[in-house]
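Visitor: Handing over work.cif, mmCIF, C-alpha atoms and all ligand atoms.
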```
data_start
#
loop_
_atom_site.label_atom_id
_atom_site.label_comp_id
_atom_site.auth_asym_id
_atom_site.auth_seq_id
_atom_site.Cartn_x
_atom_site.Cartn_y
_atom_site.Cartn_z
CA MET A 129 -5.66 -25.42 -15.61
CA THR A 130 -4.07 -28.06 -17.77
CA ASN A 131 -5.64 -29.41 -20.94
CA LYS A 132 -7.89 -32.35 -20.73
CA GLN A 133 -5.93 -35.59 -20.58
CA ASP A 134 -7.33 -38.98 -21.25
CA LEU A 135 -8.98 -40.00 -18.01
CA ASN A 136 -7.24 -43.36 -18.10
CA ASN A 137 -3.84 -41.71 -17.88
CA LEU A 138 -4.62 -39.71 -14.76
CA LYS A 139 -2.76 -40.65 -11.59
CA ASP A 140 -4.33 -40.60 -8.15
CA ASP A 141 -2.80 -37.24 -7.13
CA GLU A 142 -4.19 -35.66 -10.29
CA ILE A 143 -7.59 -37.15 -9.63
CA TYR A 144 -7.51 -35.78 -6.11
CA PHE A 145 -6.75 -32.33 -7.54
CA TYR A 146 -9.57 -32.50 -10.08
CA LEU A 147 -12.02 -33.73 -7.47
CA ILE A 148 -11.17 -30.70 -5.34
CA CYS A 149 -11.64 -28.50 -8.42
CA SER A 150 -15.00 -30.05 -9.09
CA LYS A 151 -16.12 -29.56 -5.49
CA THR A 152 -14.90 -25.99 -5.11
CA LEU A 153 -14.97 -24.30 -8.51
CA LYS A 154 -18.34 -23.35 -9.91
CA ASN A 155 -17.46 -23.65 -13.57
CA PHE A 156 -15.27 -26.71 -13.47
CA ASN A 157 -16.37 -29.11 -16.17
CA LEU A 158 -13.20 -30.83 -17.36
CA TYR A 159 -14.20 -34.22 -15.90
CA SER A 160 -17.32 -35.39 -14.15
CA GLU A 161 -17.00 -36.45 -10.51
CA ASP A 162 -18.41 -39.84 -11.39
CA ASP A 163 -15.76 -40.48 -14.01
CA LEU A 164 -13.02 -39.35 -11.65
CA PHE A 165 -14.23 -41.72 -8.96
CA LYS A 166 -14.46 -44.60 -11.40
CA ARG A 167 -10.88 -44.01 -12.43
CA LEU A 168 -9.83 -43.79 -8.78
CA LYS A 169 -11.46 -47.10 -8.01
CA GLU A 170 -9.61 -48.65 -10.89
CA ILE A 171 -6.25 -47.32 -9.68
CA TYR A 172 -6.82 -48.77 -6.21
CA LYS A 173 -8.34 -52.01 -7.34
CA ASP A 174 -5.42 -54.08 -6.07
CA GLU A 175 -5.33 -52.49 -2.65
CA LYS A 176 -7.70 -54.87 -0.97
CA GLU A 177 -8.56 -52.86 2.12
CA ILE A 178 -9.77 -49.78 0.27
CA ILE A 179 -11.90 -51.18 -2.45
CA GLU A 180 -15.10 -49.49 -1.58
CA ASP A 181 -18.21 -48.50 -3.35
CA ASP A 182 -18.52 -45.60 -1.01
CA TYR A 183 -16.94 -42.64 -2.79
CA ASN A 184 -16.39 -40.83 0.49
CA VAL A 185 -14.07 -43.56 1.72
CA LEU A 186 -12.07 -43.40 -1.49
CA PHE A 187 -11.98 -39.62 -1.39
CA ASP A 188 -10.76 -39.61 2.23
CA PHE A 189 -8.08 -42.11 1.35
CA VAL A 190 -6.71 -40.02 -1.49
CA LYS A 191 -7.02 -36.82 0.54
CA ASP A 192 -4.94 -38.30 3.33
CA LYS A 193 -2.26 -39.08 0.81
CA TYR A 194 -2.05 -35.72 -0.93
CA ARG A 195 -3.68 -32.86 0.98
CA TYR A 196 -0.46 -31.40 2.40
CA GLU A 197 1.27 -31.67 -0.93
CA LEU A 198 -1.53 -29.67 -2.56
CA LEU A 199 -1.60 -27.13 0.27
CA ASN A 200 2.15 -26.56 -0.08
CA ASN A 201 1.82 -26.09 -3.84
CA LEU A 202 -0.95 -23.55 -3.40
CA LEU A 203 1.01 -21.64 -0.76
CA LYS A 204 4.08 -21.68 -2.95
CA GLN A 205 2.09 -19.96 -5.69
CA VAL A 206 0.84 -17.34 -3.24
CA VAL A 207 4.37 -16.55 -2.08
CA GLU A 208 5.62 -16.39 -5.66
CA TYR A 209 2.88 -13.93 -6.48
CA LEU A 210 3.54 -11.76 -3.44
CA LYS A 211 7.25 -11.68 -4.11
CA LYS A 212 6.96 -11.23 -7.85
CA ASP A 213 9.70 -9.03 -9.26
CA LYS A 214 7.32 -7.37 -11.71
CA PHE A 215 6.50 -5.03 -8.83
CA PRO A 216 9.17 -2.33 -9.08
CA GLY A 217 9.33 -1.79 -5.31
CA TYR A 218 10.58 -5.32 -4.77
CA LYS A 219 13.92 -5.02 -6.46
CA ASP A 220 15.56 -4.98 -3.02
CA ASN A 221 13.98 -8.28 -1.94
CA PHE A 222 11.82 -6.46 0.54
CA LEU A 223 9.19 -9.13 0.89
CA VAL A 224 11.58 -12.04 0.67
CA ASP A 225 13.26 -10.71 3.80
CA HIS A 226 10.29 -9.36 5.68
CA LEU A 227 7.04 -11.07 4.80
CA ASN A 228 6.88 -13.39 7.81
CA TYR A 229 7.80 -10.61 10.26
CA LEU A 230 5.21 -8.36 8.70
CA LEU A 231 2.50 -10.99 8.93
CA ASP A 232 3.19 -11.45 12.64
CA PHE A 233 3.13 -7.72 13.21
CA ILE A 234 -0.09 -7.26 11.24
CA THR A 235 -1.76 -10.12 13.12
CA ASP A 236 -0.90 -8.61 16.51
CA TYR A 237 -1.91 -5.12 15.40
CA CYS A 238 -5.29 -6.33 14.15
CA ILE A 239 -6.02 -8.36 17.24
CA LYS A 240 -5.28 -5.31 19.41
CA LYS A 241 -7.50 -3.13 17.22
CA SER A 242 -10.33 -5.65 17.22
CA GLN A 243 -10.68 -5.22 20.99
CA PHE A 244 -11.02 -1.50 20.54
CA ILE A 245 -13.59 -1.57 17.76
CA LYS A 246 -16.45 -3.29 19.53
CA GLN A 247 -18.71 -0.24 19.62
CA LYS A 248 -22.40 0.31 19.79
CA SER A 249 -23.79 1.33 16.46
CA LEU A 250 -24.59 4.98 15.95
CA ASN A 251 -25.94 6.77 12.95
CA ILE A 252 -23.31 8.05 10.60
CA PRO A 253 -23.98 11.83 10.28
CA SER A 254 -25.49 12.92 7.00
CA LEU A 255 -23.75 15.00 4.38
CA ASP A 256 -25.47 16.38 1.31
CA GLY A 257 -23.95 16.66 -2.15
CA ASN A 258 -23.19 20.39 -1.99
CA LEU A 259 -21.39 20.23 1.32
CA ARG A 260 -19.57 17.12 0.11
CA GLU A 261 -18.20 19.08 -2.87
CA GLU A 262 -17.14 21.89 -0.55
CA PHE A 263 -15.41 19.42 1.80
CA ILE A 264 -13.67 17.64 -1.07
CA ARG A 265 -12.06 20.89 -2.20
CA GLU A 266 -11.01 21.83 1.30
CA LEU A 267 -9.74 18.33 2.02
CA LEU A 268 -7.59 18.24 -1.12
CA LYS A 269 -6.18 21.68 -0.36
CA GLY A 270 -5.25 20.48 3.11
CA LEU A 271 -3.61 17.34 1.77
CA ASP A 272 -1.68 19.18 -0.91
CA PRO A 273 -1.21 22.95 -0.55
CA SER A 274 0.49 23.01 -3.99
CA LEU A 275 -3.09 22.46 -5.31
CA GLU A 276 -1.94 19.75 -7.69
CA LEU A 277 -4.43 17.28 -6.22
CA LEU A 278 -7.25 19.80 -6.37
CA ASN A 279 -6.42 20.58 -9.99
CA LYS A 280 -6.45 16.86 -10.77
CA TYR A 281 -9.84 16.60 -9.12
CA ASN A 282 -11.21 19.51 -11.14
CA TRP A 283 -9.85 17.98 -14.29
CA ALA A 284 -11.38 14.60 -13.41
CA LYS A 285 -14.77 16.19 -12.80
CA ASP A 286 -14.65 18.26 -15.98
CA SER A 287 -13.65 15.28 -18.09
CA LYS A 288 -16.35 13.08 -16.50
CA ARG A 289 -13.87 10.71 -14.90
CA ILE A 290 -15.88 10.78 -11.67
CA ILE A 291 -19.42 9.42 -11.66
CA ASN A 292 -21.58 10.22 -8.64
CA LEU A 293 -24.42 7.73 -8.90
CA ASP A 294 -26.64 9.86 -6.62
CA GLU A 295 -26.84 12.41 -9.43
CA TYR A 296 -28.69 9.87 -11.59
CA SER A 297 -32.05 8.15 -11.39
CA ILE A 298 -32.12 4.49 -10.37
CA GLU A 299 -32.73 3.45 -13.98
CA GLU A 300 -29.85 5.57 -15.27
CA SER A 301 -27.57 4.19 -12.55
CA LYS A 302 -28.38 0.65 -13.59
CA ILE A 303 -27.40 1.44 -17.18
CA ILE A 304 -24.14 3.04 -16.04
CA LEU A 305 -23.27 0.11 -13.78
CA ALA A 306 -24.06 -2.41 -16.50
CA LYS A 307 -21.83 -0.54 -18.93
CA TYR A 308 -18.88 -1.20 -16.60
CA GLY A 309 -19.86 -4.76 -15.76
CA LEU A 310 -20.94 -3.96 -12.20
CA SER A 311 -23.97 -5.66 -10.73
CA LYS A 312 -24.67 -3.24 -7.88
CA PRO A 313 -23.68 0.26 -6.77
CA ILE A 314 -20.20 0.16 -5.29
CA ASP A 315 -17.37 2.59 -4.79
CA CYS A 316 -14.48 1.81 -7.04
CA CYS A 317 -11.78 3.12 -9.30
CA LEU A 318 -11.73 1.34 -12.63
CA PHE A 319 -8.68 1.35 -14.84
CA LEU A 320 -10.03 1.56 -18.35
CA ASP A 321 -8.15 1.72 -21.62
CA ASP A 322 -8.61 5.48 -21.78
CA GLY A 323 -7.64 6.07 -18.14
CA PRO A 324 -8.99 5.69 -14.61
CA LEU A 325 -12.64 6.27 -13.74
CA ILE A 326 -14.14 6.68 -10.26
CA ILE A 327 -17.64 5.45 -9.48
CA LEU A 328 -19.18 6.53 -6.16
CA SER A 329 -22.48 5.29 -4.78
CA ASN A 330 -22.88 8.13 -2.19
CA LYS A 331 -25.33 7.37 0.55
CA GLY A 332 -25.66 10.95 1.72
CA ASN A 333 -23.50 10.69 4.83
CA ILE A 334 -19.92 11.51 5.79
CA GLU A 335 -18.74 8.09 4.72
CA ASP A 336 -19.18 9.34 1.13
CA LEU A 337 -16.29 11.71 1.67
CA VAL A 338 -14.14 8.90 3.07
CA ASN A 339 -15.00 6.67 0.11
CA PHE A 340 -14.20 9.46 -2.29
CA ALA A 341 -10.79 9.97 -0.66
CA HIS A 342 -10.02 6.25 -0.90
CA GLU A 343 -10.89 5.98 -4.58
CA PHE A 344 -9.27 9.28 -5.45
CA ALA A 345 -5.93 7.97 -4.12
CA HIS A 346 -6.28 4.97 -6.45
CA PHE A 347 -7.10 7.40 -9.26
CA ILE A 348 -3.81 9.24 -8.66
CA ASN A 349 -1.69 6.12 -8.09
CA GLY A 350 -2.81 4.16 -11.10
CA LYS A 351 -2.88 0.40 -10.86
CA ARG A 352 0.81 -0.35 -10.92
CA LEU A 353 1.40 -0.63 -7.22
CA SER A 354 2.53 -3.85 -5.58
CA PRO A 355 0.45 -5.75 -2.97
CA THR A 356 2.33 -4.04 -0.13
CA LEU A 357 1.42 -0.49 -1.12
CA CYS A 358 -1.61 -0.73 -3.41
CA GLU A 359 -4.04 0.09 -0.59
CA TYR A 360 -1.71 2.14 1.58
CA TYR A 361 -2.21 5.58 0.00
CA SER A 362 -5.96 5.01 -0.25
CA ILE A 363 -6.36 3.99 3.38
CA PHE A 364 -4.13 6.86 4.45
CA PHE A 365 -6.41 9.26 2.54
CA GLU A 366 -9.38 7.70 4.34
CA LEU A 367 -7.87 8.14 7.77
CA TYR A 368 -6.74 11.66 6.95
CA THR A 369 -10.33 12.46 5.90
CA MET A 370 -11.58 11.36 9.31
CA LYS A 371 -9.07 13.69 10.93
CA PHE A 372 -10.33 16.44 8.62
CA LEU A 373 -13.94 15.74 9.65
CA LEU A 374 -13.00 16.01 13.31
CA ASN A 375 -12.24 19.67 12.64
CA LYS A 376 -15.69 20.15 11.20
CA ASN A 377 -18.91 20.05 13.16
CA PHE A 378 -18.81 16.36 13.93
CA THR A 379 -18.22 14.94 17.35
CA LYS A 380 -15.29 12.80 18.35
CA LYS A 381 -17.76 10.03 19.12
CA GLU A 382 -19.17 10.12 15.59
CA ILE A 383 -15.77 10.06 13.94
CA THR A 384 -14.51 7.34 16.26
CA TYR A 385 -17.53 5.32 15.27
CA LEU A 386 -16.80 5.89 11.58
CA TYR A 387 -13.17 4.84 12.17
CA SER A 388 -14.19 1.70 14.05
CA TYR A 389 -16.71 0.86 11.38
CA ARG A 390 -14.07 1.07 8.62
CA VAL A 391 -11.42 -0.72 10.64
CA ASN A 392 -13.94 -3.41 11.41
CA ASP A 393 -14.32 -4.11 7.68
CA ILE A 394 -10.60 -4.39 7.24
CA ILE A 395 -10.12 -6.60 10.26
CA LYS A 396 -13.02 -8.79 9.22
CA SER A 397 -11.06 -9.62 6.10
CA PHE A 398 -8.23 -10.73 8.39
CA PHE A 399 -10.45 -13.12 10.31
CA ASP A 400 -12.07 -14.37 7.09
CA GLY A 401 -8.64 -15.16 5.75
CA SER A 402 -7.16 -16.27 9.04
CA ILE A 403 -6.71 -19.95 8.14
CA PRO A 404 -4.78 -19.17 4.94
CA PHE A 405 -2.80 -16.55 6.86
CA TYR A 406 -1.92 -19.07 9.56
CA TYR A 407 -0.69 -21.60 7.01
CA LEU A 408 1.16 -18.96 5.06
CA LYS A 409 3.10 -18.05 8.19
CA LEU A 410 3.91 -21.70 8.89
CA TYR A 411 5.02 -22.10 5.30
CA LEU A 412 7.29 -19.06 5.47
CA GLN A 413 8.85 -20.22 8.73
CA ASN A 414 9.56 -23.80 7.77
CA GLU A 415 9.49 -23.60 3.99
CA GLU A 416 6.70 -26.11 4.02
CA VAL A 417 3.64 -27.05 6.00
CA ASN A 418 4.23 -30.41 7.45
CA GLU A 419 1.42 -32.72 8.49
CA LYS A 420 3.12 -33.71 11.75
CA ASP A 421 3.56 -30.11 12.89
CA ASP A 422 0.02 -29.32 11.95
CA ILE A 423 -1.36 -32.21 13.99
CA ASN A 424 1.03 -31.43 16.82
CA PHE A 425 -0.60 -28.05 17.19
CA TYR A 426 -3.65 -29.82 18.62
CA LYS A 427 -1.64 -32.34 20.55
CA ASN A 428 -3.65 -32.24 23.77
CA ILE A 429 -6.98 -32.28 22.06
CA GLU A 430 -8.92 -35.34 21.14
CA ASN A 431 -9.16 -35.87 17.38
CA ALA A 432 -6.06 -33.73 16.78
CA ARG A 433 -5.49 -35.38 13.43
CA LYS A 434 -9.04 -34.79 12.30
CA LEU A 435 -8.96 -31.14 13.35
CA ALA A 436 -5.67 -30.49 11.57
CA HIS A 437 -6.94 -32.17 8.42
CA ARG A 438 -10.16 -30.24 8.54
CA SER A 439 -8.40 -26.90 8.74
CA CYS A 440 -5.98 -27.93 5.99
CA ASP A 441 -8.90 -28.89 3.72
CA LYS A 442 -10.63 -25.62 4.56
CA CYS A 443 -7.52 -23.68 3.58
CA ILE A 444 -7.21 -25.57 0.29
CA GLU A 445 -10.85 -24.82 -0.44
CA GLN A 446 -10.42 -21.10 0.27
CA LEU A 447 -7.25 -20.84 -1.81
CA MET A 448 -8.83 -22.68 -4.72
CA ARG A 449 -11.96 -20.59 -4.65
CA LYS A 450 -10.22 -17.27 -4.17
CA PRO A 451 -6.57 -17.60 -5.18
CA TYR A 452 -6.03 -13.94 -4.31
CA ILE A 453 -7.56 -14.10 -0.85
CA ILE A 454 -4.18 -13.86 0.86
CA SER A 455 -2.73 -11.10 -1.28
CA GLU A 456 -5.92 -9.04 -1.16
CA THR A 457 -6.19 -9.40 2.57
CA TYR A 458 -2.49 -8.69 2.92
CA SER A 459 -2.84 -5.48 0.86
CA TYR A 460 -5.67 -4.14 3.02
CA LEU A 461 -4.05 -5.10 6.30
CA ILE A 462 -0.54 -3.85 5.61
CA GLY A 463 -2.06 -0.74 3.98
CA PHE A 464 -4.12 -0.10 7.08
CA VAL A 465 -1.30 -0.75 9.55
CA LEU A 466 1.15 1.54 7.72
CA ALA A 467 -1.51 4.22 7.18
CA ASP A 468 -2.55 4.12 10.83
CA ILE A 469 1.07 4.53 11.92
CA THR A 470 1.52 7.34 9.39
CA LEU A 471 -1.48 9.24 10.71
CA ASN A 472 -0.30 8.87 14.30
CA ASN A 473 3.07 10.31 13.32
CA LEU A 474 1.67 13.33 11.50
CA GLN A 475 1.47 15.38 14.66
CA LYS A 476 5.08 14.73 15.59
CA GLU A 477 6.44 15.42 12.12
CA PRO A 478 4.72 18.24 10.27
CA ASN A 479 6.68 17.61 7.09
CA LEU A 480 5.60 13.97 6.85
CA LEU A 481 2.34 14.76 5.06
CA ASN A 482 4.17 16.60 2.34
CA GLU A 483 6.50 13.67 1.72
CA ILE A 484 3.74 11.05 1.74
CA ILE A 485 1.73 13.10 -0.75
CA SER A 486 4.69 13.50 -3.05
CA PHE A 487 5.40 9.74 -2.83
CA GLY A 488 1.76 9.15 -3.70
CA LYS A 489 1.80 11.53 -6.63
CA ASN A 490 4.91 9.85 -7.99
CA CYS A 491 3.45 6.38 -7.35
CA ASN A 492 6.39 5.43 -5.18
CA ASP A 493 6.18 1.68 -4.88
CA ASN A 494 9.12 0.98 -2.63
CA PRO A 495 7.81 -0.18 0.76
CA GLN A 496 11.23 0.47 2.31
CA ASP A 497 10.87 4.21 1.54
CA ILE A 498 7.51 4.46 3.28
CA ILE A 499 8.68 2.38 6.20
CA GLU A 500 11.71 4.59 6.74
CA LEU A 501 9.64 7.73 6.32
CA ILE A 502 7.18 6.77 9.02
CA ASP A 503 9.93 5.38 11.24
CA PHE A 504 8.49 1.89 11.42
CA GLN A 505 11.25 -0.22 12.95
CA ILE A 506 10.81 -3.25 10.80
CA ASP A 507 14.18 -4.78 11.55
CA ASN A 508 13.39 -4.79 15.24
CA LEU A 509 10.45 -7.09 14.76
CA LYS A 510 11.41 -10.34 16.34
CA ARG A 511 9.90 -13.36 14.80
CA LYS A 512 7.53 -14.80 17.36
CA LYS A 513 6.05 -18.21 17.62
CA VAL A 514 3.16 -18.63 15.23
CA LYS A 515 -0.16 -18.31 16.97
CA ARG A 516 -3.42 -19.52 15.63
ZN ZN A 601 -8.77 0.31 -2.43
#
```
Kindly transcribe the structure held in the file into structure tokens.
Ligand SMILES: [Zn+2]
Guide:
Amino acid sequence: MTNKQDLNNLKDDEIYFYLICSKTLKNFNLYSEDDLFKRLKEIYKDEKEIIEDDYNVLFDFVKDKYRYELLNNLLKQVVEYLKKDKFPGYKDNFLVDHLNYLLDFITDYCIKKSQFIKQKSLNIPSLDGNLREEFIRELLKGLDPSLELLNKYNWAKDSKRIINLDEYSIEESKIILAKYGLSKPIDCCLFLDDGPLIILSNKGNIEDLVNFAHEFAHFINGKRLSPTLCEYYSIFFELYTMKFLLNKNFTKKEITYLYSYRVNDIIKSFFDGSIPFYYLKLYLQNEEVNEKDDINFYKNIENARKLAHRSCDKCIEQLMRKPYIISETYSYLIGFVLADITLNNLQKEPNLLNEIISFGKNCNDNPQDIIELIDFQIDNLKRKKVKR
């Protein structure tokens, strides 16, 4: 955010931006809405037909002038972030060349999966703390027969880098959570000054093991990974854990339910972010989102212009409120898609697990390496027409 300028020097596009800030950001207090509107009225005082006391009319007028400009600026920032060269894996322009193809592929993959996941809810089978510990050790041995992962786990436990909240009273848990700035029990891996720390809420069912696996992969990877791979290893560990549980005393139905339940969460983030995703794809295809194209999308529908504007405003609002909504969603979705493909390929290629684990241990952050390893034919993806 820029420093406060004298209100009387603000131009109408700036006022539009600050009005959006004031309407969408909780802590925005640079200018009051009233002052912004007063200034806007002054700017338009010579334009006879829009002198209005009704602020909504003024606001609509200025929105019509600048909404697509703002949307394009916000999307530009998203793309710059996603393609940032600070991520070591991007030195080969991976995302510059592939982002739009990947987004299409992810969209199709998720839509296909979302048909599969509509399942009746079951109870997730319970799992007590002792059996969980036993399973963790067996799981890590299976993932990495060299025992390096298991040794890391033992080290983490001994040095209190893993906190199982179920081992504490509710009062003690509250104190622990507060210490790390958390308001409620969640599963996470925090990267503190003295190293990573895993916090697990543990509900006493097999999902605890899956959550552990997810966070433990973050623990091993560190936080340096780029948006393309930062969730990949973790989601792969999750899916591998489900495969592991299938070989225990749980039924296929129970594990399928657990899978669908997890996938549902991931896909929900896709639908929550679907408007920004749609615009991002348009932006990548045409290097800008153009008002005419946007309206044209609704060409046979009454109020096409209104509908297009409404979805554009909605996207602006989401991107202002959560600037990382696209990159977060992207990380989960691409992580899930690549992990799902990896797991499906494990049977065909027994050595694959070994290579993925060693990539994970070395924090390999080059998406191209993973993609080649799992034989994902990215260059064959044909860019399809953008669908909403
Ligand atoms: Zn994660």
Visitor: Which residue out of A:Tyr458, A:Phe145, A:Phe372, A:Phe425 has the minimum interatomic distance to Leu268 of chain A when only C-alpha atoms are used?
Guide: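 So, comparing all the options, the nearest one is A:Phe372.
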Visitor: Report as a ChimeraX atom specification all protein, DNA and RNA residues lying within 10 Å of segment 420-422 of chain A, evaluated on all atoms listed in the file, omitting residues in the same chain fewer than 5 positions from it.
Guide: /A:196,407,410,427,432-433,435-437,439-440
Visitor: Could you list, as a PyMOL selection string, all residues that come within 9 Å of ligand ZN 601 (chain A)? Count only C-alpha atoms and all ligand atoms.
Guide: chain A and resi 316-317+342-343+345-346+358-363+459-460
Visitor: Can you measure atom CA of Ile462 of chain A to atom CA of Ser402 of chain A for me? One decimal in Å is fine.
Guide: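 Pair atom CA of Ile462 of chain A / atom CA of Ser402 of chain A returns 14.5 Å.
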Visitor: May I have the residues within 8 Å of segment 476-489 of chain A as a list in words, using all atoms listed in the file and disregarding those fewer than 6 positions away in the same chain?
Guide: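 So the residues in contact are Leu271, Asp272, Ala345, Ile348, Asn349, Tyr361, Ile498, Leu501 and Ile502 of chain A.
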Visitor: Could you pull segment 278-300 of chain A out of the structure I just pasted and write it to a file containing N, CA and C atoms, as a CSV table (one decimal), in the first residue's frame?
Guide:
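Dumped everything to part.csv:
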```
chain,number,residue,atom,x,y,z
A,278,LEU,N,12.9,-42.7,9.3
A,278,LEU,CA,12.5,-43.2,10.6
A,278,LEU,C,13.5,-42.5,11.7
A,279,ASN,N,14.7,-42.5,11.3
A,279,ASN,CA,15.7,-41.8,12.2
A,279,ASN,C,15.4,-40.4,12.5
A,280,LYS,N,15.0,-39.7,11.4
A,280,LYS,CA,14.6,-38.3,11.5
A,280,LYS,C,13.4,-38.2,12.4
A,281,TYR,N,12.5,-39.1,12.3
A,281,TYR,CA,11.3,-39.1,13.1
A,281,TYR,C,11.7,-39.2,14.6
A,282,ASN,N,12.5,-40.2,14.8
A,282,ASN,CA,12.9,-40.5,16.2
A,282,ASN,C,13.6,-39.3,16.8
A,283,TRP,N,14.4,-38.7,16.0
A,283,TRP,CA,15.2,-37.5,16.4
A,283,TRP,C,14.1,-36.4,16.7
A,284,ALA,N,13.2,-36.2,15.8
A,284,ALA,CA,12.2,-35.1,16.0
A,284,ALA,C,11.4,-35.3,17.3
A,285,LYS,N,11.0,-36.6,17.6
A,285,LYS,CA,10.3,-36.9,18.8
A,285,LYS,C,11.2,-36.6,20.0
A,286,ASP,N,12.4,-37.1,20.0
A,286,ASP,CA,13.3,-36.9,21.1
A,286,ASP,C,13.6,-35.5,21.4
A,287,SER,N,13.7,-34.7,20.3
A,287,SER,CA,14.0,-33.3,20.6
A,287,SER,C,12.7,-32.4,20.6
A,288,LYS,N,11.6,-33.1,20.9
A,288,LYS,CA,10.3,-32.4,21.1
A,288,LYS,C,10.0,-31.4,19.9
A,289,ARG,N,10.2,-31.9,18.7
A,289,ARG,CA,9.9,-31.1,17.5
A,289,ARG,C,8.5,-31.6,17.0
A,290,ILE,N,7.9,-32.5,17.7
A,290,ILE,CA,6.5,-33.0,17.3
A,290,ILE,C,5.7,-32.9,18.5
A,291,ILE,N,4.6,-32.1,18.5
A,291,ILE,CA,3.7,-32.0,19.6
A,291,ILE,C,2.4,-32.6,19.2
A,292,ASN,N,2.0,-33.7,20.0
A,292,ASN,CA,0.7,-34.3,19.8
A,292,ASN,C,-0.2,-33.7,20.9
A,293,LEU,N,-1.1,-32.9,20.4
A,293,LEU,CA,-2.0,-32.2,21.4
A,293,LEU,C,-2.8,-33.1,22.2
A,294,ASP,N,-3.1,-34.3,21.7
A,294,ASP,CA,-3.9,-35.3,22.5
A,294,ASP,C,-3.2,-35.8,23.7
A,295,GLU,N,-1.9,-35.5,23.8
A,295,GLU,CA,-1.2,-35.9,25.0
A,295,GLU,C,-1.3,-34.9,26.1
A,296,TYR,N,-2.0,-33.8,25.9
A,296,TYR,CA,-2.1,-32.7,26.8
A,296,TYR,C,-3.5,-32.4,27.2
A,297,SER,N,-3.7,-31.8,28.4
A,297,SER,CA,-5.1,-31.4,28.8
A,297,SER,C,-5.5,-30.3,27.9
A,298,ILE,N,-6.8,-30.0,27.9
A,298,ILE,CA,-7.3,-28.9,27.1
A,298,ILE,C,-6.7,-27.6,27.4
A,299,GLU,N,-6.5,-27.3,28.8
A,299,GLU,CA,-5.9,-26.1,29.2
A,299,GLU,C,-4.4,-26.0,28.7
A,300,GLU,N,-3.7,-27.1,28.8
A,300,GLU,CA,-2.3,-27.1,28.4
A,300,GLU,C,-2.2,-26.9,26.9
```
